[in-house]
$ cat data-v6.pdb   # PDB, C-alpha atoms
ATOM      1  CA  MET A   1     123.882 120.009  89.339
ATOM      2  CA  SER A   2     125.024 117.005  91.361
ATOM      3  CA  MET A   3     123.254 118.399  94.418
ATOM      4  CA  ALA A   4     119.966 118.680  92.508
ATOM      5  CA  LEU A   5     120.329 115.049  91.489
ATOM      6  CA  SER A   6     121.031 114.165  95.081
ATOM      7  CA  LEU A   7     117.897 116.043  96.121
ATOM      8  CA  ASP A   8     115.880 114.188  93.479
ATOM      9  CA  ASN A   9     117.262 110.899  94.742
ATOM     10  CA  ALA A  10     116.439 111.841  98.318
ATOM     11  CA  HIS A  11     112.868 112.706  97.347
ATOM     12  CA  ALA A  12     112.512 109.438  95.421
ATOM     13  CA  LEU A  13     113.833 107.492  98.402
ATOM     14  CA  ARG A  14     111.452 109.347 100.682
ATOM     15  CA  ARG A  15     108.499 108.509  98.421
ATOM     16  CA  ILE A  16     109.478 104.832  98.340
ATOM     17  CA  ARG A  17     109.818 104.761 102.127
ATOM     18  CA  THR A  18     106.423 106.454 102.506
ATOM     19  CA  LEU A  19     104.813 103.847 100.264
ATOM     20  CA  ARG A  20     106.449 101.049 102.230
ATOM     21  CA  LEU A  21     105.244 102.624 105.457
ATOM     22  CA  GLU A  22     101.703 102.775 104.101
ATOM     23  CA  ARG A  23     101.935  99.110 103.111
ATOM     24  CA  ALA A  24     103.253  98.171 106.565
ATOM     25  CA  MET A  25     100.397 100.096 108.178
ATOM     26  CA  LEU A  26      97.863  98.212 106.037
ATOM     27  CA  LEU A  27      99.462  94.886 106.909
ATOM     28  CA  ALA A  28      99.445  95.730 110.613
ATOM     29  CA  ALA A  29      95.781  96.744 110.439
ATOM     30  CA  GLY A  30      94.951  93.536 108.573
ATOM     31  CA  SER A  31      96.849  91.507 111.146
ATOM     32  CA  ARG A  32      94.978  93.251 113.957
ATOM     33  CA  ALA A  33      91.672  92.429 112.254
ATOM     34  CA  ALA A  34      92.781  88.797 111.861
ATOM     35  CA  VAL A  35      93.575  88.590 115.580
ATOM     36  CA  ASP A  36      90.193  90.088 116.442
ATOM     37  CA  ALA A  37      88.435  87.591 114.177
ATOM     38  CA  ALA A  38      90.447  84.681 115.598
ATOM     39  CA  GLU A  39      89.613  85.781 119.150
ATOM     40  CA  ALA A  40      85.923  85.851 118.243
ATOM     41  CA  VAL A  41      86.160  82.319 116.824
ATOM     42  CA  VAL A  42      87.925  81.074 119.968
ATOM     43  CA  THR A  43      85.201  82.627 122.121
ATOM     44  CA  GLN A  44      82.486  81.060 119.981
ATOM     45  CA  ARG A  45      84.146  77.616 119.983
ATOM     46  CA  SER A  46      84.674  77.814 123.731
ATOM     47  CA  GLU A  47      81.011  78.658 124.305
ATOM     48  CA  GLU A  48      79.933  75.785 122.035
ATOM     49  CA  ALA A  49      82.130  73.307 123.917
ATOM     50  CA  GLN A  50      80.875  74.634 127.251
ATOM     51  CA  ALA A  51      77.242  74.228 126.155
ATOM     52  CA  ILE A  52      77.874  70.613 125.138
ATOM     53  CA  ARG A  53      79.682  69.954 128.436
ATOM     54  CA  GLY A  54      76.661  71.399 130.237
ATOM     55  CA  ALA A  55      74.276  69.134 128.301
ATOM     56  CA  LEU A  56      76.454  66.106 129.032
ATOM     57  CA  ASP A  57      76.668  67.000 132.734
ATOM     58  CA  GLY A  58      72.897  67.549 132.801
ATOM     59  CA  LEU A  59      72.308  64.122 131.294
ATOM     60  CA  ARG A  60      74.649  62.486 133.822
ATOM     61  CA  GLU A  61      72.875  64.279 136.645
ATOM     62  CA  ALA A  62      69.466  63.189 135.327
ATOM     63  CA  ILE A  63      70.663  59.579 135.165
ATOM     64  CA  GLY A  64      71.513  59.739 138.851
ATOM     65  CA  SER A  65      68.253  61.386 139.892
ATOM     66  CA  THR A  66      65.109  61.802 137.770
ATOM     67  CA  LEU A  67      65.778  59.020 135.272
ATOM     68  CA  ALA A  68      67.050  56.504 137.839
ATOM     69  CA  ALA A  69      63.639  54.910 138.349
ATOM     70  CA  GLU A  70      63.079  54.430 134.630
ATOM     71  CA  LEU A  71      66.702  53.733 133.769
ATOM     72  CA  PRO A  72      66.267  50.128 132.604
ATOM     73  CA  ARG A  73      63.721  51.152 130.007
ATOM     74  CA  TRP A  74      65.665  54.167 128.716
ATOM     75  CA  VAL A  75      69.222  52.789 128.859
ATOM     76  CA  PRO A  76      69.668  52.430 125.069
ATOM     77  CA  LEU A  77      68.401  55.968 124.387
ATOM     78  CA  ILE A  78      70.340  57.496 127.267
ATOM     79  CA  PHE A  79      73.510  55.695 126.222
ATOM     80  CA  ALA A  80      73.071  56.817 122.594
ATOM     81  CA  ARG A  81      72.456  60.409 123.705
ATOM     82  CA  GLN A  82      75.494  60.311 125.980
ATOM     83  CA  GLN A  83      77.673  58.950 123.158
ATOM     84  CA  ARG A  84      76.398  61.593 120.732
ATOM     85  CA  LEU A  85      77.129  64.374 123.247
ATOM     86  CA  ALA A  86      80.600  62.943 123.933
ATOM     87  CA  GLU A  87      81.353  62.905 120.189
ATOM     88  CA  GLN A  88      80.024  66.448 119.786
ATOM     89  CA  LEU A  89      82.184  67.545 122.703
ATOM     90  CA  ALA A  90      85.276  65.924 121.184
ATOM     91  CA  ARG A  91      84.635  67.673 117.840
ATOM     92  CA  ALA A  92      83.948  70.979 119.594
ATOM     93  CA  GLU A  93      87.180  70.698 121.587
ATOM     94  CA  ASP A  94      89.119  69.870 118.407
ATOM     95  CA  LYS A  95      87.645  72.959 116.749
ATOM     96  CA  LEU A  96      88.551  74.989 119.830
ATOM     97  CA  LEU A  97      92.156  73.762 119.720
ATOM     98  CA  THR A  98      92.364  74.576 116.017
ATOM     99  CA  ALA A  99      90.933  78.040 116.691
ATOM    100  CA  CYS A 100      93.476  78.569 119.492
ATOM    101  CA  ARG A 101      96.333  77.608 117.156
ATOM    102  CA  ARG A 102      95.042  80.006 114.531
ATOM    103  CA  LEU A 103      94.797  82.727 117.162
ATOM    104  CA  ASP A 104      98.413  82.089 118.172
ATOM    105  CA  ASP A 105      99.454  82.262 114.514
ATOM    106  CA  ALA A 106      97.488  85.492 114.054
ATOM    107  CA  ARG A 107      99.127  87.006 117.138
ATOM    108  CA  LYS A 108     102.580  86.055 115.847
ATOM    109  CA  ALA A 109     101.740  87.601 112.480
ATOM    110  CA  LEU A 110     100.550  90.756 114.252
ATOM    111  CA  GLN A 111     103.761  90.944 116.254
ATOM    112  CA  HIS A 112     105.778  90.549 113.049
ATOM    113  CA  ALA A 113     103.658  93.216 111.319
ATOM    114  CA  ARG A 114     104.255  95.592 114.232
ATOM    115  CA  VAL A 115     108.007  95.047 113.996
ATOM    116  CA  GLU A 116     107.894  95.665 110.241
ATOM    117  CA  LEU A 117     105.820  98.794 110.858
ATOM    118  CA  ALA A 118     108.362 100.117 113.355
ATOM    119  CA  ILE A 119     111.166  99.451 110.876
ATOM    120  CA  ALA A 120     109.235 101.175 108.073
ATOM    121  CA  GLN A 121     108.546 104.175 110.318
ATOM    122  CA  ARG A 122     112.213 104.495 111.219
ATOM    123  CA  ARG A 123     113.288 104.165 107.588
ATOM    124  CA  GLU A 124     110.830 106.858 106.566
ATOM    125  CA  GLN A 125     112.223 109.142 109.278
ATOM    126  CA  ILE A 126     115.730 108.550 107.958
ATOM    127  CA  ALA A 127     114.605 109.247 104.375
ATOM    128  CA  ASP A 128     112.942 112.478 105.553
ATOM    129  CA  GLU A 129     116.157 113.509 107.265
ATOM    130  CA  LEU A 130     118.199 112.715 104.140
ATOM    131  CA  ALA A 131     115.814 114.786 101.998
ATOM    132  CA  ARG A 132     116.025 117.659 104.473
ATOM    133  CA  ARG A 133     119.832 117.523 104.451
ATOM    134  CA  ALA A 134     119.955 117.346 100.642
ATOM    135  CA  ARG A 135     117.642 120.349 100.417
ATOM    136  CA  ARG A 136     119.812 122.248 102.908
ATOM    137  CA  ARG A 137     123.007 121.369 100.962
ATOM    138  CA  LEU A 138     121.373 122.659  97.772
ATOM    139  CA  GLU A 139     120.390 125.905  99.523
ATOM    140  CA  ILE A 140     123.942 126.359 100.813
ATOM    141  CA  GLU A 141     125.365 125.674  97.343
ATOM    142  CA  ARG A 142     123.028 128.273  95.813
ATOM    143  CA  GLU A 143     123.969 130.855  98.464
ATOM    144  CA  ARG A 144     127.675 130.270  97.834
ATOM    145  CA  LYS A 145     127.159 130.577  94.088
ATOM    146  CA  LEU A 146     125.302 133.875  94.558
ATOM    147  CA  GLU A 147     128.080 135.124  96.829
ATOM    148  CA  ARG A 148     130.730 134.167  94.259
ATOM    149  CA  GLU A 149     128.770 135.925  91.500
ATOM    150  CA  ALA A 150     128.227 139.009  93.654
ATOM    151  CA  GLU A 151     131.885 139.237  94.671
ATOM    152  CA  PRO A 152     133.258 140.332  91.243
ATOM    153  CA  MET A 153     130.494 142.935  90.980
ATOM    154  CA  SER A 154     131.367 144.446  94.323
ATOM    155  CA  ASN A 155     135.082 144.441  93.417
ATOM    156  CA  ALA A 156     134.272 146.173  90.118
ATOM    157  CA  ALA A 157     132.168 148.774  91.934
ATOM    158  CA  ARG A 158     135.009 149.489  94.359
ATOM    159  CA  SER A 159     137.598 149.860  91.621
ATOM    160  CA  ALA A 160     135.298 152.217  89.684
ATOM    161  CA  ARG A 161     135.408 154.668  92.584
TER     162      ARG A 161
END
$ encode --input "data-v6.pdb" --output "structure tokens"
Amino acid sequence: MSMALSLDNAHALRRIRTLRLERAMLLAAGSRAAVDAAEAVVTQRSEEAQAIRGALDGLREAIGSTLAAELPRWVPLIFARQQRLAEQLARAEDKLLTACRRLDDARKALQHARVELAIAQRREQIADELARRARRRLEIERERKLEREAEPMSNAARSAR
């Protein structure tokens, strides 16, 4: 009877470990999705900052060439445009840095989730092995019991001859 209880406990442990493995797999998948999303945001923020840099460089180039002749008349507008682009660039770079930090955090979370997944997988393997051993012990106990019960019958049959 104690072996059956042990087998029940082994099966319960195995079920718990399987559920924890499933949870770890979900967390790892969620972490992978978070990294993918964070990478997409970093790419987008980088492209936005690059576009603003390009506009600012284009304005600076125009000041030195095509707008040079009319510079005195357009100085206030050009200066205002240059300031606006510089502010946009600063905000875009801040957003990019924030996105990079979030990506780093997401990657760390993914690494942690992968470690937890590996641990959960190993624990499930151990629980499976314990259940297999408990089942085998129960089978051996049953075989021994049958042998013990069969032994008096065979002794009785021999003495009857």
$ closest_residue --input "data-v6.pdb" --among "A:Ala134, A:Ile126, A:Ala49, A:Ile78" --to "Glu61 of chain A" --atoms "all atoms listed in the file"
A:Ile78
$ resolve_selection --input "data-v6.pdb" --expression "the PyMOL selection byres ((chain A and resi 107) around 12)" --output "PyMOL selection string"
chain A and resi 28+30-39+100-106+108-114
$ resolve_selection --input "data-v6.pdb" --expression "the PyMOL selection byres ((chain A and resi 11) around 10)" --output "list in words"
Leu5, Ser6, Leu7, Asp8, Asn9, Ala10, Ala12, Leu13, Arg14, Arg15, Ile16, Arg17, Ala127, Asp128, Leu130, Ala131, Arg132, Ala134 and Arg135 of chain A
$ resolve_selection --input "data-v6.pdb" --expression "the PyMOL selection byres ((chain A and resi 95) around 12)" --output "list in words"
Val41, Val42, Thr43, Gln44, Arg45, Ser46, Glu47, Glu48, Ala49, Gln88, Leu89, Ala90, Arg91, Ala92, Glu93, Asp94, Leu96, Leu97, Thr98, Ala99, Cys100, Arg101 and Arg102 of chain A
$ atom_distance --input "data-v6.pdb" --atom1 "atom CA of Met25 of chain A" --atom2 "atom CA of Ala40 of chain A"
22.7 Å
$ atom_distance --input "data-v6.pdb" --atom1 "atom CA of Ala120 of chain A" --atom2 "atom CA of Arg136 of chain A"
24.1 Å
$ atom_distance --input "data-v6.pdb" --atom1 "atom CA of Arg81 of chain A" --atom2 "atom CA of Ala55 of chain A"
10.0 Å
$ decode --input "data-v6.pdb" --residues "segment 40-98 of chain A" --atoms "C-alpha atoms" --output "tab-separated table (two decimals), in the first residue's frame"
chain	number	residue	atom	x	y	z
A	40	ALA	CA	11.17	46.76	-33.65
A	41	VAL	CA	10.82	49.89	-31.51
A	42	VAL	CA	14.59	50.42	-31.49
A	43	THR	CA	14.67	50.09	-35.28
A	44	GLN	CA	11.79	52.54	-35.64
A	45	ARG	CA	13.33	55.07	-33.23
A	46	SER	CA	16.69	54.76	-34.97
A	47	GLU	CA	15.10	55.41	-38.37
A	48	GLU	CA	13.22	58.43	-36.98
A	49	ALA	CA	16.42	59.91	-35.52
A	50	GLN	CA	18.28	59.24	-38.76
A	51	ALA	CA	15.57	60.99	-40.80
A	52	ILE	CA	15.76	64.06	-38.55
A	53	ARG	CA	19.58	64.04	-38.78
A	54	GLY	CA	19.22	63.91	-42.56
A	55	ALA	CA	16.83	66.88	-42.56
A	56	LEU	CA	19.16	68.84	-40.29
A	57	ASP	CA	22.18	68.01	-42.48
A	58	GLY	CA	20.17	68.97	-45.58
A	59	LEU	CA	19.29	72.32	-44.05
A	60	ARG	CA	22.93	72.98	-43.12
A	61	GLU	CA	24.01	72.07	-46.64
A	62	ALA	CA	21.36	74.36	-48.15
A	63	ILE	CA	22.56	77.23	-45.95
A	64	GLY	CA	26.04	76.83	-47.39
A	65	SER	CA	24.89	76.59	-51.00
A	66	THR	CA	21.42	77.38	-52.37
A	67	LEU	CA	20.23	79.63	-49.55
A	68	ALA	CA	23.53	81.51	-49.16
A	69	ALA	CA	22.50	84.31	-51.52
A	70	GLU	CA	19.21	84.89	-49.73
A	71	LEU	CA	20.51	84.12	-46.25
A	72	PRO	CA	20.03	87.59	-44.74
A	73	ARG	CA	16.34	87.57	-45.59
A	74	TRP	CA	15.68	84.01	-44.39
A	75	VAL	CA	17.91	83.92	-41.30
A	76	PRO	CA	15.06	84.00	-38.74
A	77	LEU	CA	13.14	81.21	-40.50
A	78	ILE	CA	16.23	79.11	-41.13
A	79	PHE	CA	17.36	79.52	-37.53
A	80	ALA	CA	13.89	78.58	-36.23
A	81	ARG	CA	13.79	75.53	-38.50
A	82	GLN	CA	17.27	74.50	-37.41
A	83	GLN	CA	16.32	74.85	-33.73
A	84	ARG	CA	13.12	72.86	-34.24
A	85	LEU	CA	15.04	70.06	-36.00
A	86	ALA	CA	17.69	70.06	-33.25
A	87	GLU	CA	14.97	69.72	-30.59
A	88	GLN	CA	13.25	66.96	-32.56
A	89	LEU	CA	16.58	65.17	-32.89
A	90	ALA	CA	17.23	65.44	-29.15
A	91	ARG	CA	13.77	64.01	-28.37
A	92	ALA	CA	14.22	61.26	-30.96
A	93	GLU	CA	17.61	60.32	-29.51
A	94	ASP	CA	16.13	60.26	-25.99
A	95	LYS	CA	13.37	57.95	-27.22
A	96	LEU	CA	16.01	55.79	-28.91
A	97	LEU	CA	18.02	55.53	-25.69
A	98	THR	CA	14.89	54.62	-23.75
